[in-house]
>>> print(open('protein-v3.txt').read())   # compact mmCIF, C-alpha atoms
# COMPACT_ATOMS: atom_id res chain seq x y z
CA MET L 26 -8.40 14.37 23.83
CA ASN L 27 -9.56 16.91 21.24
CA ARG L 28 -7.61 19.69 22.91
CA ARG L 29 -4.44 17.61 22.98
CA LEU L 30 -4.85 16.65 19.31
CA ARG L 31 -5.43 20.29 18.33
CA VAL L 32 -2.15 21.14 20.03
CA ALA L 33 -0.32 18.26 18.30
CA ILE L 34 -1.99 18.86 14.91
CA ALA L 35 -2.19 22.48 13.85
CA ASP L 36 -5.07 22.01 11.40
CA GLU L 37 -8.30 21.73 13.40
CA ARG L 38 -10.14 19.78 10.71
CA GLU L 39 -7.28 17.28 10.51
CA ALA L 40 -7.25 16.98 14.30
CA GLN L 41 -10.96 16.17 14.28
CA ALA L 42 -10.47 13.59 11.50
CA VAL L 43 -7.65 11.94 13.46
CA GLY L 44 -9.73 11.93 16.63
CA ARG L 45 -12.62 10.38 14.77
CA MET L 46 -10.39 7.68 13.31
CA ILE L 47 -9.05 6.81 16.75
CA ILE L 48 -12.51 6.55 18.30
CA GLU L 49 -14.17 4.65 15.48
CA THR L 50 -11.31 2.39 14.39
CA ALA L 51 -9.52 1.60 17.62
CA PHE L 52 -12.43 1.59 20.05
CA GLY L 53 -15.52 0.85 17.95
CA LEU L 54 -17.40 3.95 19.07
CA SER L 55 -19.21 6.37 16.81
CA TRP L 56 -18.22 10.03 16.78
CA ALA L 57 -21.67 10.80 18.18
CA ASP L 58 -20.97 8.44 21.08
CA ALA L 59 -17.73 10.27 21.80
CA LEU L 60 -19.42 13.68 21.71
CA CYS L 61 -22.10 12.42 24.10
CA GLY L 62 -19.61 11.29 26.72
CA GLY L 63 -19.01 7.76 25.52
CA LEU L 64 -15.30 8.01 26.30
CA LYS L 65 -16.12 8.13 30.00
CA ALA L 66 -17.47 4.58 29.73
CA LEU L 67 -14.16 3.17 28.47
CA SER L 68 -12.60 0.48 30.61
CA ALA L 69 -9.46 1.36 32.53
CA ALA L 70 -7.40 -0.60 30.03
CA ASP L 71 -8.98 1.16 27.04
CA ALA L 72 -8.60 4.56 28.70
CA GLU L 73 -4.92 3.85 29.22
CA ARG L 74 -4.59 2.68 25.61
CA LEU L 75 -6.27 5.87 24.43
CA GLU L 76 -3.78 7.96 26.37
CA THR L 77 -0.92 6.00 24.83
CA VAL L 78 -2.30 6.48 21.31
CA VAL L 79 -2.73 10.23 21.77
CA SER L 80 0.77 10.53 23.26
CA ARG L 81 2.30 8.75 20.26
CA ILE L 82 0.47 11.07 17.89
CA GLU L 83 1.66 14.08 19.89
CA GLN L 84 5.20 12.85 19.21
CA GLY L 85 4.56 12.89 15.46
CA GLU L 86 3.74 9.25 14.82
CA PRO L 87 1.10 8.60 12.13
CA VAL L 88 -2.27 7.75 13.64
CA GLN L 89 -2.37 4.44 11.73
CA TYR L 90 0.80 3.24 13.44
CA ALA L 91 -0.36 4.58 16.80
CA ILE L 92 -3.55 2.51 16.67
CA GLY L 93 -1.98 -0.31 14.65
CA LEU L 94 -4.70 -0.32 11.99
CA ALA L 95 -5.38 1.30 8.62
CA PRO L 96 -8.43 1.10 6.35
CA PHE L 97 -8.20 -0.28 2.82
CA CYS L 98 -11.14 -1.12 0.56
CA GLY L 99 -13.55 -1.29 3.48
CA ARG L 100 -11.40 -3.49 5.69
CA LEU L 101 -8.96 -2.78 8.49
CA PHE L 102 -5.38 -3.96 8.09
CA GLU L 103 -2.75 -4.24 10.78
CA VAL L 104 0.13 -1.86 10.11
CA THR L 105 3.48 -1.47 11.84
CA PRO L 106 6.57 0.57 10.91
CA ALA L 107 7.68 -2.50 8.92
CA VAL L 108 5.06 -1.74 6.24
CA LEU L 109 3.76 1.27 4.37
CA ILE L 110 0.42 2.70 5.43
CA PRO L 111 -2.10 1.89 2.66
CA ARG L 112 -3.12 4.98 0.69
CA PRO L 113 -6.58 5.72 -0.73
CA GLU L 114 -5.18 5.97 -4.26
CA THR L 115 -3.82 2.42 -4.06
CA GLU L 116 -7.38 1.13 -3.82
CA GLY L 117 -7.62 1.83 -7.56
CA LEU L 118 -5.32 -1.13 -8.19
CA VAL L 119 -7.99 -3.55 -7.00
CA ALA L 120 -10.86 -2.04 -8.99
CA PRO L 121 -12.93 -4.71 -10.76
CA LEU L 122 -10.61 -6.79 -12.93
CA PRO L 123 -11.29 -7.93 -16.48
CA SER L 124 -13.60 -10.88 -16.94
CA PRO L 125 -12.90 -13.75 -16.69
CA ILE L 126 -11.03 -13.10 -13.44
CA PRO L 127 -7.28 -13.62 -13.98
CA SER L 128 -5.77 -16.49 -12.04
CA PRO L 129 -3.23 -17.04 -10.69
CA ILE L 130 -2.32 -13.56 -9.40
CA LEU L 131 1.06 -12.36 -8.09
CA ASP L 132 1.47 -9.28 -5.87
CA ILE L 133 5.07 -8.00 -5.82
CA GLY L 134 6.17 -5.96 -2.79
CA THR L 135 3.12 -6.92 -0.77
CA GLY L 136 3.93 -5.01 2.44
CA SER L 137 0.89 -5.26 4.72
CA GLY L 138 -0.69 -7.60 2.18
CA CYS L 139 -3.56 -5.19 1.57
CA ILE L 140 -3.59 -5.64 -2.23
CA ALA L 141 -3.13 -9.42 -2.29
CA ILE L 142 -5.60 -10.02 0.54
CA THR L 143 -8.22 -7.74 -0.97
CA LEU L 144 -7.94 -9.53 -4.33
CA ALA L 145 -8.12 -12.93 -2.63
CA LEU L 146 -11.30 -11.92 -0.81
CA MET L 147 -12.85 -10.30 -3.89
CA TYR L 148 -12.06 -13.31 -6.08
CA PRO L 149 -11.92 -16.40 -3.84
CA GLU L 150 -11.75 -18.65 -6.91
CA ALA L 151 -8.38 -17.13 -7.87
CA ARG L 152 -5.02 -18.31 -6.59
CA VAL L 153 -3.09 -15.38 -5.09
CA ASP L 154 0.66 -15.35 -4.35
CA ALA L 155 2.59 -12.45 -2.81
CA ILE L 156 6.28 -11.70 -2.34
CA ASP L 157 8.27 -9.16 -0.36
CA ILE L 158 11.92 -8.57 0.52
CA SER L 159 11.11 -7.97 4.20
CA GLU L 160 10.40 -10.85 6.57
CA ASP L 161 9.00 -8.34 9.08
CA ALA L 162 6.53 -7.13 6.46
CA LEU L 163 5.56 -10.70 5.59
CA ARG L 164 4.80 -11.43 9.23
CA VAL L 165 2.37 -8.51 9.25
CA ALA L 166 0.83 -9.64 5.94
CA ARG L 167 0.35 -13.21 7.18
CA ARG L 168 -1.39 -11.96 10.33
CA ASN L 169 -3.69 -9.82 8.21
CA ALA L 170 -4.53 -12.73 5.93
CA GLU L 171 -5.29 -15.00 8.87
CA ARG L 172 -7.44 -12.41 10.66
CA LEU L 173 -9.40 -11.52 7.51
CA GLY L 174 -9.77 -15.10 6.32
CA ALA L 175 -7.87 -14.72 3.03
CA ASN L 176 -6.00 -17.51 1.29
CA VAL L 177 -2.72 -15.96 0.09
CA ASN L 178 0.63 -17.70 -0.39
CA PHE L 179 3.39 -15.43 0.93
CA ARG L 180 7.07 -15.80 0.06
CA LEU L 181 10.29 -13.97 0.93
CA MET L 182 11.98 -12.76 -2.27
CA ASP L 183 14.04 -9.86 -3.61
CA ILE L 184 12.66 -8.80 -6.98
CA LEU L 185 16.03 -7.24 -7.82
CA GLY L 186 17.77 -10.58 -7.21
CA LYS L 187 18.31 -13.51 -9.52
CA GLY L 188 15.71 -15.83 -8.07
CA GLY L 189 12.79 -17.04 -10.16
CA LEU L 190 9.35 -18.54 -9.75
CA ARG L 191 8.09 -21.77 -11.27
CA GLU L 192 4.52 -20.54 -11.54
CA THR L 193 3.29 -18.39 -14.40
CA TYR L 194 0.60 -15.81 -13.80
CA SER L 195 -2.36 -14.24 -15.55
CA LEU L 196 -1.92 -11.03 -13.52
CA ILE L 197 1.08 -9.43 -11.85
CA VAL L 198 0.22 -6.41 -9.72
CA SER L 199 2.67 -4.17 -7.90
CA ASN L 200 2.92 -0.90 -6.01
CA PRO L 201 6.73 -0.79 -5.90
CA PRO L 202 9.02 1.90 -4.47
CA TYR L 203 8.78 4.84 -6.87
CA ILE L 204 9.64 8.08 -5.10
CA ALA L 205 12.95 9.54 -6.30
CA GLU L 206 15.36 10.74 -3.64
CA LYS L 207 15.08 14.27 -5.02
CA GLU L 208 11.38 14.27 -4.08
CA ARG L 209 12.05 13.91 -0.35
CA TRP L 210 11.51 17.62 0.22
CA THR L 211 7.89 17.29 -0.94
CA MET L 212 7.03 14.67 1.68
CA GLU L 213 5.58 15.16 5.13
CA ALA L 214 7.94 14.82 8.07
CA HIS L 215 5.99 12.01 9.74
CA VAL L 216 6.25 9.89 6.59
CA LEU L 217 10.01 10.37 6.36
CA LYS L 218 10.50 9.67 10.04
CA HIS L 219 8.27 6.62 10.46
CA GLU L 220 7.53 4.78 7.21
CA PRO L 221 10.06 2.27 5.77
CA HIS L 222 12.34 4.02 3.29
CA GLN L 223 13.07 0.71 1.58
CA ALA L 224 9.45 0.65 0.42
CA LEU L 225 9.39 4.32 -0.64
CA PHE L 226 12.53 5.46 -2.43
CA VAL L 227 14.46 4.79 -5.61
CA PRO L 228 17.73 6.38 -6.78
CA ASP L 229 17.47 9.61 -8.77
CA SER L 230 19.71 7.96 -11.35
CA ASP L 231 17.23 5.12 -11.95
CA PRO L 232 13.65 6.00 -10.94
CA LEU L 233 12.24 3.09 -12.98
CA LEU L 234 14.47 0.54 -11.23
CA PHE L 235 11.71 -1.65 -9.84
CA TYR L 236 9.37 -1.30 -12.80
CA ARG L 237 12.13 -2.47 -15.15
CA ALA L 238 12.99 -5.44 -12.93
CA ILE L 239 9.36 -6.50 -12.59
CA ALA L 240 8.66 -6.03 -16.30
CA GLU L 241 11.73 -8.08 -17.24
CA LYS L 242 10.61 -10.91 -15.00
CA GLY L 243 7.08 -10.49 -16.27
CA LEU L 244 8.22 -11.55 -19.73
CA SER L 245 8.72 -15.04 -18.31
CA TRP L 246 6.44 -14.98 -15.23
CA LEU L 247 3.35 -13.81 -17.11
CA LYS L 248 1.36 -16.10 -19.34
CA PRO L 249 1.05 -14.93 -22.98
CA GLY L 250 -1.47 -12.09 -22.95
CA GLY L 251 -1.13 -11.79 -19.17
CA LEU L 252 -1.75 -8.44 -17.50
CA LEU L 253 0.90 -6.31 -15.76
CA LEU L 254 -0.70 -3.74 -13.43
CA PHE L 255 1.32 -1.02 -11.68
CA GLU L 256 0.75 1.89 -9.37
CA ILE L 257 3.06 4.55 -10.77
CA ASN L 258 4.73 7.86 -10.07
CA PRO L 259 2.93 10.42 -12.29
CA ILE L 260 6.24 12.16 -12.95
CA TYR L 261 7.59 9.14 -14.81
CA ALA L 262 4.38 7.83 -16.40
CA ARG L 263 5.40 8.49 -20.01
CA GLU L 264 8.94 7.20 -19.50
CA LEU L 265 7.54 3.97 -18.09
CA GLU L 266 5.09 3.66 -20.95
CA GLU L 267 7.95 4.00 -23.43
CA LEU L 268 10.09 1.48 -21.54
CA LEU L 269 7.38 -1.18 -21.57
CA ALA L 270 6.70 -0.60 -25.26
CA GLN L 271 10.41 -1.09 -26.00
CA MET L 272 10.29 -4.35 -24.03
CA GLY L 273 7.47 -5.60 -26.22
CA TYR L 274 4.47 -5.12 -23.96
CA GLU L 275 1.20 -4.40 -25.73
CA ARG L 276 -2.08 -2.56 -25.06
CA ILE L 277 -0.38 -0.18 -22.64
CA ALA L 278 -2.77 2.23 -20.95
CA ILE L 279 -2.48 4.79 -18.17
CA ARG L 280 -5.40 5.55 -15.81
CA GLN L 281 -5.89 8.42 -13.40
CA ASP L 282 -6.65 8.14 -9.71
CA GLN L 283 -9.47 9.88 -7.85
CA PHE L 284 -7.29 12.98 -7.58
CA GLY L 285 -6.82 13.29 -11.35
CA LYS L 286 -3.20 12.12 -11.40
CA ASN L 287 -1.73 9.48 -13.71
CA ARG L 288 -1.51 6.67 -11.15
CA TYR L 289 -2.04 3.26 -12.79
CA LEU L 290 -0.55 1.54 -15.79
CA HIS L 291 -1.86 -1.57 -17.53
CA ALA L 292 0.19 -3.56 -20.02
CA HIS L 293 -0.10 -7.03 -21.55
CA ARG L 294 2.63 -9.51 -22.28
CA PRO L 295 2.76 -10.35 -25.99
>>> encode(input="protein-v3.txt", output="structure tokens")
Amino acid sequence: MNRRLRVAIADEREAQAVGRMIIETAFGLSWADALCGGLKALSAADAERLETVVSRIEQGEPVQYAIGLAPFCGRLFEVTPAVLIPRPETEGLVAPLPSPIPSPILDIGTGSGCIAITLALMYPEARVDAIDISEDALRVARRNAERLGANVNFRLMDILGKGGLRETYSLIVSNPPYIAEKERWTMEAHVLKHEPHQALFVPDSDPLLFYRAIAEKGLSWLKPGGLLLFEINPIYARELEELLAQMGYERIAIRQDQFGKNRYLHAHRP
């Protein structure tokens, strides 16, 4: 398998990391087991599955889709091409929340459900709702919630539409589409080919499209003093900060991710 991955993935260190993820995540073996011949003990069905996974990766498919799982905050989430693959930087959105724990919580654009489910498991006393425009994504999110034992209320909804919610929230969290079309050239080919563009891109003419829509609804969906928490595109961090200030939001703050980029924005409804 290593030889085939090194052919499919030019960088040898990346090939080893992918191989390790396959072995540990999909088959429950340690890398040491694999190096000591543990793969030879795989059942016929698992050996066939391993061949299928490696073949899909050879064709350029992300390893997370090939094995159907991706890690997030210490748990494994089912992923399919209907949802984005969770990124390490997104874990910063579910860092310890202010005390007392906000409840209820709304996750907008839930995708695989990784944010909503993680918050529901971290804070079981909180009510957690989640919405998404994609029924296919919601099916994945519901399966993840059931498998991980999380109590999350999922709902089909277009945040750009006119629909509303009766509930008001202490926290609204969102990792919305935020990559401008002009940034496509900076992205890896396997992302462009396999991940859902609906969850990635916004028009060059309106890169704050989803932030504006969520913030506008937040003025009525958030309780007074409620917290709006975004993952953001560093390129537009200051523009977003100015937009929210103009809308009346208070105590606006930008935080950096583990890579030193402006990645999170906090704001409170007046």
>>> residues_around(input="protein-v3.txt", residues="Gln281 of chain L", least_positions_apart="4", cutoff="10 Å", atoms="all atoms listed in the file", output="number ranges by chain")
L: 114, 117, 259, 285-290
>>> residues_around(input="protein-v3.txt", residues="Pro125 of chain L", least_positions_apart="3", cutoff="12 Å", atoms="all atoms listed in the file", output="number ranges by chain")
L: 121-122, 128-129, 148, 150-151, 195-196
>>> closest_residue(input="protein-v3.txt", among="L:Ile133, L:Ala91, L:Ala69, L:Ile110", to="Glu220 of chain L", atoms="only C-alpha atoms")
L:Ile110
>>> residues_around(input="protein-v3.txt", residues="Gly174 of chain L", least_positions_apart="6", cutoff="10 Å", atoms="only C-alpha atoms", output="ChimeraX atom specification")
/L:142,145-146,168
>>> atom_distance(input="protein-v3.txt", atom1="atom CA of Pro127 of chain L", atom2="atom CA of Thr143 of chain L")
14.3 Å
>>> closest_residue(input="protein-v3.txt", among="L:Val165, L:Ile156, L:Leu253, L:Ala72", to="Thr105 of chain L", atoms="only C-alpha atoms")
L:Val165
>>> atom_distance(input="protein-v3.txt", atom1="atom CA of Gln84 of chain L", atom2="atom CA of Gln41 of chain L")
17.2 Å
>>> atom_distance(input="protein-v3.txt", atom1="atom CA of Ile277 of chain L", atom2="atom CA of Ile130 of chain L")
18.9 Å
>>> residues_around(input="protein-v3.txt", residues="Ala278 of chain L", least_positions_apart="6", cutoff="10 Å", atoms="only C-alpha atoms", output="NGL selection string")
:L and (254 or 266 or 289-293)
>>> closest_residue(input="protein-v3.txt", among="L:Leu252, L:Pro106, L:Ile257, L:Pro295", to="Ala270 of chain L", atoms="all atoms listed in the file")
L:Pro295
>>> closest_residue(input="protein-v3.txt", among="L:Val79, L:Leu225, L:Ala175, L:Ile92", to="Leu109 of chain L", atoms="only C-alpha atoms")
L:Leu225
>>> residues_around(input="protein-v3.txt", residues="His222 of chain L", least_positions_apart="5", cutoff="10 Å", atoms="all atoms listed in the file", output="JSON list (two decimals) with C-alpha atoms, in the frame of the given file")
[["chain", "number", "residue", "atom", "x", "y", "z"],
["L", 107, "ALA", "CA", 7.68, -2.50, 8.92],
["L", 108, "VAL", "CA", 5.06, -1.74, 6.24],
["L", 109, "LEU", "CA", 3.76, 1.27, 4.37],
["L", 202, "PRO", "CA", 9.02, 1.90, -4.47],
["L", 204, "ILE", "CA", 9.64, 8.08, -5.10],
["L", 216, "VAL", "CA", 6.25, 9.89, 6.59],
["L", 217, "LEU", "CA", 10.01, 10.37, 6.36],
["L", 227, "VAL", "CA", 14.46, 4.79, -5.61]]
>>> axis_aligned_box(input="protein-v3.txt", around="segment 245-262 of chain L", padding_each_side="4 Å", output="lines of an AutoDock Vina configuration file")
center_x = 3.5
center_y = -2.0
center_z = -16.2
size_x = 18.5
size_y = 36.3
size_z = 21.6
